[in-house]
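**Student:** Structure incoming, see below.
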Number of protein chains: 2
Amino acid sequence: MEKKKILVLGGGFGGVFAAKELARIDRNQLDIELINNNNYFVFQPLLPEVAAASIHSSDAVVPLRLLLRRIQVRQADVMGIDFDKKIVTVVQGFRRIPIDLPYDDLIIALGMSVDLKRFPGLPEHALTMKNLSDAHHLRTHVISCLEMADVATDAELRQQLLTFVVVGAGFSGVETVAEVNELIHRALKYYRNLKHEEIRVYLIEYAGRILPTFPADLAEYATRRLQFNGIEVKTGVGTKSATSTAVELTDGSLIPTRTIVATIGNGPNPLVEALGLEMHWGRIKTDRFMRVPGHDGAWAVGDAAEIPLVEQPAEDPAHYAPQTAQFAVREGRQLANNLIAKTKGDELKPFAYESKGSLASLGMSKAVAEVYGVKLSGTLAWLLWRGFYLSFLPGFASKVRVLVNWLLNLIVPPNIVLVQSALPGTRYIHYRKGDKVLEPGMLIDGFYTVVKGSLKLTIDNPATGEHFEKVFGPGDHFGERVLLKSALRTGLVVALEDSVVLWISQKDFTRLARAFPFLDSYFKDYIEKTFGGTDKAFAPGSAERSHELEPTH
Amino acid sequence: MEKKKILVLGGGFGGVFAAKELARIDRNQLDIELINNNNYFVFQPLLPEVAAASIHSSDAVVPLRLLLRRIQVRQADVMGIDFDKKIVTVVQGFRRIPIDLPYDDLIIALGMSVDLKRFPGLPEHALTMKNLSDAHHLRTHVISCLEMADVATDAELRQQLLTFVVVGAGFSGVETVAEVNELIHRALKYYRNLKHEEIRVYLIEYAGRILPTFPADLAEYATRRLQFNGIEVKTGVGTKSATSTAVELTDGSLIPTRTIVATIGNGPNPLVEALGLEMHWGRIKTDRFMRVPGHDGAWAVGDAAEIPLVEQPAEDPAHYAPQTAQFAVREGRQLANNLIAKTKGDELKPFAYESKGSLASLGMSKAVAEVYGVKLSGTLAWLLWRGFYLSFLPGFASKVRVLVNWLLNLIVPPNIVLVQSALPGTRYIHYRKGDKVLEPGMLIDGFYTVVKGSLKLTIDNPATGEHFEKVFGPGDHFGERVLLKSALRTGLVVALEDSVVLWISQKDFTRLARAFPFLDSYFKDYIEKTFGGTDKAFAPGSAERSHELEPTH
C-alpha cells in the first residue's frame, strides 16, 4: 500500500509538534515532510536572552533535522497552494526553480507576521523580535549605539544613541526591555565616557497596563520592578510614527532615539492571506477539529489558525485558542491524532485545553508567574521561569548549551563583541521637518532619491563667498557626487517637511553607474548642468581631505 | 607634566600586546589609545574552529575593551596619517565626520590584507579566512551547500555543491580544510539524501608540499592524515582563475565547485600602502628597533612591519621577523619597552627572538607539532595544540567558553543551524564560456549588466512557435522584466565567452527604478522596443505561475 503523503508547512511550535506526534504514532503508514524557510526551529521564549547576549544566538534554536530525525525536512519557501489539485509549490535551493509537491493531507502552520504599516516610518525604522536574526540584530544594534555614543561629540546625537524604546508591553516587549536594559548596564563599565544616569530606556504600551494576560497585581509588581531597574514605563499611550531620529507618541510627545523595538503589530502571513481562505482577525478559520472548511485534507494550527474552543463562538477572543506556544504545542498534538483518526475512520476530537499559567521574566533575576492559579513574583518566579523553559526547550544539546551559558554568565563579563552585519544595498529613510540629512564634512556614503516630501540643499564656500541653493521634491536626487570620488560632503541638506528618501549605498550605486553607460552619462550631464562642473561647489576642507584612502575594513 | 599621547593603530597581536605592555610598565606617564575598526581582537588560530562550528564565533574573539581595560579603545576607521604634523585622521561613529587625533608616538600595527587580484574571478568568488565574519560566512556557506544539495534535482549542480576547494596549504589552509571536512562528515547523517562518498574536498598548494614551515617528515605525516580523512591533496599546482561554478588550476584542469576558500594572496593593507612609506614585500621597512626611518615617533609592528633580525639583511626572508602570532607578541612587547626607553633617554634594544616551534591541527583529534626541536604527531600533538592555544587565548572568559565548548562537542551533535546573512545589493559574477546564467522557469532574482564578454538570450514559445534571440555585450543589460512583476524567467541566457556580469538584487533594483522616474521610463521604453511590449516574450507556464505570492521570509 502506498504511504499517505503529509506536508507540514512551517517549523514553529504548531508544525513541529504536529509532525513529531505524527511520526511517533504512525510513521510506517505515513510519509511526512516538513517545509520551513529556515533549517531551524526558533524557541521564541529565549529570543530576548539572545538580544541581551545572555546566550549564544544558536542556542535559542534547534536544527529541524535534529529535532525531527524520523521525517524529511525541506528548507524552501512556499510559493502557493492549489487546494483542488492538492499541490504545494515551493522554491528552493540554488536554481530557485519552483517545484510542485503533491499531498494527501496538508498542515498549515505558517504563523503570523509583523505588520507595522499602520505606523508611518515604523516598518523602516523599528527593529522587531520575531526571529533569530531580529534578536541578533537588536544585540548588535544596542552595542553599536554604545560604541558610537562613547566617541560622539554632538550632545543631541549622544542622547539619541543612549535612548532605547520598546513598543508594546506583552510578554515579548516586557522581556525584551528587561534584558536589553540589563545588557546595557552590565556593559557600561567598559565604556569610559558613558554614565549610567545618561541611559534612557522606555517601555510604551497603548493599553492601560503592561502584561494584559496577567492578574493586575502581578502586572503592578512587574511595573515596579522595571521602574526600579531604571526603565520608564509609559502606559495608556501608543506609537504614532517614527523617523531615523525619533519616535512620536499618540499624546504628541517625541522621544529622540536611534533604537525603536516594535513588539506590536501582529498581522497575517502574506502567503496565508493570499490563499483565499476564510479569515478572521488575520487567521485561518478552522472547525473545532482544526480542519479548514471546504478543502479536503487541509488543516491549520498554531498562530495562523483560529480554532474555536466552543460550539458557537461569538466575537470574543476568549472563544478561540490564544496565540501562545503552550496552546500551539497541544494543538499540534491533537491535530496529529485527529489526522490519524480520519485515516482510520475513527471519530475526531474537538480541540480543548486550558492554560496552566504564564511566566514573564523581568531581568536582574526577577520574574512574575501564575501557575495553576498560584501567583509568584521575584527570584523564586525567576528560577521557575528558567527551570520551566529549560525543560521545555527541545533537544538535549540545546538544553546543555543554554544551562552552561547561564552558569557561565554568573562568572564571566557580558559579551560586547560587535560583529557588524553588512548594510543593505538600499533603504528608505523617514525624516521629520527640520532634520539634517547631510552635513558638510561628512564622509560620503551613498546616493539619495526623494520619495516623498521636500528637502533643501545649501552649499556655502566662505573662501569665495559662493552660495548655492536647491530644493528637491519627489523623483529628485542628491549625493550623486559619490561618482566623482570626492571623499566628503560639501553641502547641508535639511528636510523642509516630513519626508521619505530612498538611500542606495555608495558601493552599489557606483558599480551600477559604471557598468551602465546610460546612467553614468546621465549623472555626469546632471552634475555639469546643476553645479556647473565637477570642480564646483566644493566647500573648504573638502579638497585637502580628498586623499581618498580606503577605510581599513 | 602633560602625559605623552601614544596612538596604537590596529588591534591584532602586535598592537594589542604593545598596548598591554605599555600600560603595564608606565600607564601613569602615558595616555594610550588603541584604534581598531572592530571592537574586538581576533584570535586567528581558532578561526578554523569557528568555520567548523566547533566553537561559537564570539569565542574566538575578545572585546578589546575587556582585554585593555586600562587604556582608551576607539572603534574607528583610520583614513590617513600626517607624519609631519603628527596627526592621525579617523572616521567614526554615526555621523562619520573625520576627526584628527594628535600623537607623540604612533604604533602602526595594521596587519596585512588579502589580495587576490592576480587570479581572475577569485576576488569575487573565493571566501577568505582573515577575520571573524569570514569564518562565520564559510560555516554558513558550507551548511547551505548541504541543504541545497539535499534537494537538488540536477546532477551537475549537486556535484558542484558537494565539492569544496581550499587554496593554499600553510597553517590556515591546512587547518581550515581539516575542520571543514570534519564538519561536513559529522553533519551528513542529518541529510537523508547525501552520502559520504559524494563529498569531494580538495587542498590545492602551488609549492611542492604542504606546511612549508614544518620539517618534511611532519608535512608528509600531515598529508597522509588529510588523505586518510578523505581530502584530496594536490601539490605543485596553483590556481589560475575562478567562476561561480568552478576553479581552474595552472595545469589546465577544472574543478566544478560552489565553494572556493582562498588562504593565499597576502598583500599590503591599502591604507599602509597609501602612506608613502618605504615598503618591501608589501610591508613597512623598520630599523631593528621597529622605528619607521625618517618619521619621528613612528613605529611599526606585526605583519605590517618588516623588522630585520640581523644588522645587514639581504633579500632573504630568514633575515626578517616572520609573520606569525608568536613573533608579533614579542615584537609588541619589545616595541613597548623601546618606546619607554626612548622617553627616558635609555638605550633601545634591537628585536631578537627565535621561534619556539609550530603547531598545526589536522582535524579528527590529530595534529603535528615541532616544539623546541622535538617533533610530535597524532593525538598527543593535538592535545598539545589545544592546551597551548587555550593558554595563549587572552581573557579568562574566553578560555572558559572555549573549553566548555570543546567538552560539549564530545557529547552533543554538530551545530548545523543555518542563519542566512543578507545578500549584498550588488555583486560581480564571472562566467565561463557555455555557462548558463538564467534558465526558463527560474524565479526572478535580479537585474544583470554585462561588464565584460558577451552573452546570448534565447526565448522560445512552443505554444506560438515564436523565437527570439539577442546578444548582449559590455554595457548591455538583461533581466529588466523584474520591474514588470513577472515571477519567472522565460528565456535562456548563456555566456558566449568568458564573461563578467554585475548583478543587482530585485529588491534594490525595483526600489531604485520606482523612486527615480528617469530610470523607470528608460526601462519601460526599452522593454517596449526590444520585446514589443510587456506581454510578449512570455514562455509557457510563466503566466499561470505569476500569482506572485511573496516567499515566506
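In the C-alpha cells, the first chain shown is A, the next is B, and so on; residue numbers restart at 1 for each chain, and ligands run from 1 in the order shown.
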Which residues are close to B:Val471, i.e. within 8 Å by only C-alpha atoms, leaving aside same-chain residues fewer than 3 positions away? Reply as an mmCIF file with all heavy atoms, in the first residue's frame.
**Tutor:**
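Produced file result_18.cif, reproduced below:
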```cif
data_model
loop_
_atom_site.group_PDB
_atom_site.id
_atom_site.type_symbol
_atom_site.label_atom_id
_atom_site.label_comp_id
_atom_site.auth_asym_id
_atom_site.auth_seq_id
_atom_site.Cartn_x
_atom_site.Cartn_y
_atom_site.Cartn_z
ATOM 1 N N SER B 454 30.466 38.459 -23.693
ATOM 2 C CA SER B 454 29.172 38.530 -24.371
ATOM 3 C C SER B 454 28.318 37.333 -23.991
ATOM 4 O O SER B 454 28.820 36.248 -23.687
ATOM 5 C CB SER B 454 29.378 38.580 -25.889
ATOM 6 O OG SER B 454 30.087 37.436 -26.316
ATOM 7 N N LEU B 455 27.012 37.546 -23.986
ATOM 8 C CA LEU B 455 26.064 36.512 -23.587
ATOM 9 C C LEU B 455 24.884 36.538 -24.550
ATOM 10 O O LEU B 455 24.577 37.569 -25.152
ATOM 11 C CB LEU B 455 25.566 36.759 -22.162
ATOM 12 C CG LEU B 455 26.673 36.863 -21.096
ATOM 13 C CD1 LEU B 455 26.958 38.317 -20.771
ATOM 14 C CD2 LEU B 455 26.301 36.093 -19.850
ATOM 15 N N LYS B 456 24.228 35.399 -24.673
ATOM 16 C CA LYS B 456 23.131 35.304 -25.635
ATOM 17 C C LYS B 456 21.840 34.882 -24.941
ATOM 18 O O LYS B 456 21.819 33.914 -24.180
ATOM 19 C CB LYS B 456 23.491 34.277 -26.698
ATOM 20 C CG LYS B 456 22.467 34.178 -27.812
ATOM 21 C CD LYS B 456 22.988 33.250 -28.887
ATOM 22 C CE LYS B 456 21.908 32.811 -29.839
ATOM 23 N NZ LYS B 456 22.459 31.847 -30.794
ATOM 24 N N LEU B 457 20.786 35.631 -25.243
ATOM 25 C CA LEU B 457 19.448 35.328 -24.727
ATOM 26 C C LEU B 457 18.643 34.612 -25.808
ATOM 27 O O LEU B 457 18.640 35.033 -26.965
ATOM 28 C CB LEU B 457 18.737 36.630 -24.349
ATOM 29 C CG LEU B 457 17.211 36.578 -24.141
ATOM 30 C CD1 LEU B 457 16.870 35.836 -22.858
ATOM 31 C CD2 LEU B 457 16.614 37.974 -24.115
#
```
**Student:** Near stretch 275-288 of chain B, counting only C-alpha atoms, which residues have an atom at most 10 Å away, once you skip same-chain residues fewer than 2 positions from it, shown as a PyMOL selection string?
**Tutor:** (chain A and resi 549) or (chain B and resi 80-83+108+111-113+266-273+290-295+298-311+315+317+320+348-352)
**Student:** At a cut-off of 6 Å, using only C-alpha atoms, what residues contact A:Arg489? Leave out same-chain residues fewer than 4 positions from it and give the result as number ranges by chain.
**Tutor:** A: 440-442, 444
**Student:** I'd like to know which residues of stretch 48-161 of chain A are helix (DSSP H, G or I) (by DSSP, run on the backbone); could you write them as a PyMOL selection string?
**Tutor:** chain A and resi 48-51+57-60+64-67+122-125+132-151+155-161
**Student:** Output N, CA and C atoms for every residue in that selection, as a short mmCIF file (atom, residue, chain, number, x, y, z; two decimals), in the first residue's frame.
**Tutor:**
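Written out: result09.cif:
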```cif
data_model
loop_
_atom_site.label_atom_id
_atom_site.label_comp_id
_atom_site.auth_asym_id
_atom_site.auth_seq_id
_atom_site.Cartn_x
_atom_site.Cartn_y
_atom_site.Cartn_z
N PRO A 48 14.66 37.07 23.75
CA PRO A 48 15.19 38.24 24.48
C PRO A 48 16.55 37.97 25.11
N GLU A 49 16.83 36.73 25.50
CA GLU A 49 18.15 36.42 26.07
C GLU A 49 19.24 36.47 25.01
N VAL A 50 18.87 36.15 23.78
CA VAL A 50 19.83 36.29 22.69
C VAL A 50 20.13 37.77 22.46
N ALA A 51 19.06 38.57 22.47
CA ALA A 51 19.24 40.01 22.27
C ALA A 51 20.13 40.59 23.36
N SER A 57 23.35 33.03 20.02
CA SER A 57 22.16 33.04 19.17
C SER A 57 21.78 31.63 18.74
N SER A 58 22.78 30.77 18.52
CA SER A 58 22.40 29.44 18.04
C SER A 58 21.82 28.56 19.15
N ASP A 59 21.88 29.01 20.40
CA ASP A 59 21.33 28.19 21.48
C ASP A 59 19.82 28.34 21.64
N ALA A 60 19.27 29.39 21.05
CA ALA A 60 17.82 29.59 21.14
C ALA A 60 17.11 28.90 19.99
N LEU A 64 16.10 21.73 12.64
CA LEU A 64 14.91 20.90 12.45
C LEU A 64 15.28 19.46 12.15
N ARG A 65 16.42 19.26 11.46
CA ARG A 65 16.84 17.91 11.12
C ARG A 65 17.19 17.09 12.36
N LEU A 66 17.66 17.76 13.41
CA LEU A 66 17.98 17.06 14.65
C LEU A 66 16.70 16.78 15.43
N LEU A 67 15.79 17.75 15.37
CA LEU A 67 14.57 17.67 16.15
C LEU A 67 13.62 16.64 15.56
N LEU A 122 7.53 53.35 11.00
CA LEU A 122 7.88 52.23 11.89
C LEU A 122 8.40 51.01 11.12
N PRO A 123 7.79 50.63 9.97
CA PRO A 123 8.34 49.48 9.25
C PRO A 123 9.80 49.69 8.87
N GLU A 124 10.19 50.92 8.55
CA GLU A 124 11.56 51.20 8.11
C GLU A 124 12.50 51.38 9.29
N HIS A 125 12.01 51.89 10.42
CA HIS A 125 12.95 52.30 11.47
C HIS A 125 12.85 51.48 12.76
N LEU A 132 15.35 34.77 14.89
CA LEU A 132 16.71 34.78 15.40
C LEU A 132 17.51 35.96 14.87
N SER A 133 17.36 36.27 13.60
CA SER A 133 18.11 37.41 13.04
C SER A 133 17.71 38.69 13.74
N ASP A 134 16.42 38.83 14.04
CA ASP A 134 15.96 40.02 14.76
C ASP A 134 16.68 40.17 16.09
N ALA A 135 16.73 39.09 16.85
CA ALA A 135 17.35 39.14 18.18
C ALA A 135 18.83 39.47 18.06
N HIS A 136 19.46 38.84 17.10
CA HIS A 136 20.88 39.06 16.88
C HIS A 136 21.13 40.51 16.44
N HIS A 137 20.27 40.99 15.58
CA HIS A 137 20.40 42.35 15.07
C HIS A 137 20.20 43.38 16.20
N LEU A 138 19.23 43.12 17.08
CA LEU A 138 18.98 44.03 18.20
C LEU A 138 20.21 44.13 19.09
N ARG A 139 20.81 42.99 19.40
CA ARG A 139 22.01 42.98 20.24
C ARG A 139 23.14 43.78 19.59
N THR A 140 23.38 43.53 18.32
CA THR A 140 24.41 44.26 17.57
C THR A 140 24.12 45.76 17.58
N HIS A 141 22.86 46.09 17.36
CA HIS A 141 22.48 47.50 17.29
C HIS A 141 22.71 48.20 18.64
N VAL A 142 22.32 47.56 19.73
CA VAL A 142 22.48 48.17 21.05
C VAL A 142 23.96 48.40 21.34
N ILE A 143 24.80 47.42 21.07
CA ILE A 143 26.23 47.58 21.34
C ILE A 143 26.82 48.65 20.44
N SER A 144 26.37 48.72 19.18
CA SER A 144 26.94 49.75 18.31
C SER A 144 26.52 51.15 18.77
N CYS A 145 25.33 51.27 19.35
CA CYS A 145 24.92 52.57 19.92
C CYS A 145 25.88 52.96 21.05
N LEU A 146 26.25 52.01 21.90
CA LEU A 146 27.18 52.33 22.99
C LEU A 146 28.54 52.73 22.43
N GLU A 147 29.03 51.98 21.43
CA GLU A 147 30.32 52.31 20.82
C GLU A 147 30.30 53.72 20.24
N MET A 148 29.21 54.05 19.53
CA MET A 148 29.16 55.35 18.86
C MET A 148 28.96 56.47 19.88
N ALA A 149 28.15 56.22 20.91
CA ALA A 149 27.94 57.26 21.93
C ALA A 149 29.24 57.54 22.68
N ASP A 150 30.05 56.51 22.87
CA ASP A 150 31.32 56.65 23.60
C ASP A 150 32.24 57.66 22.92
N VAL A 151 32.14 57.81 21.61
CA VAL A 151 33.01 58.75 20.89
C VAL A 151 32.24 59.92 20.28
N ALA A 155 26.06 66.54 21.40
CA ALA A 155 25.27 66.18 22.58
C ALA A 155 23.91 65.59 22.20
N GLU A 156 23.30 66.16 21.15
CA GLU A 156 21.98 65.71 20.73
C GLU A 156 22.05 64.27 20.21
N LEU A 157 23.04 64.00 19.38
CA LEU A 157 23.24 62.66 18.83
C LEU A 157 23.51 61.66 19.95
N ARG A 158 24.34 62.08 20.90
CA ARG A 158 24.69 61.21 22.03
C ARG A 158 23.44 60.81 22.81
N GLN A 159 22.55 61.79 23.01
CA GLN A 159 21.31 61.49 23.74
C GLN A 159 20.45 60.50 22.96
N GLN A 160 20.35 60.69 21.64
CA GLN A 160 19.58 59.75 20.80
C GLN A 160 20.16 58.34 20.89
N LEU A 161 21.48 58.27 20.85
CA LEU A 161 22.14 56.95 20.87
C LEU A 161 21.94 56.24 22.20
#
```
**Student:** Let's see if you can do this: from backbone DSSP, list all strand (DSSP E or B) residues in stretch 334-513 of chain A, as a ChimeraX atom specification.
**Tutor:** /A:357-363,366-371,374-378,426-431,436-438,443,446-452,455-461,466-472,477-478,488,492-495,499-505
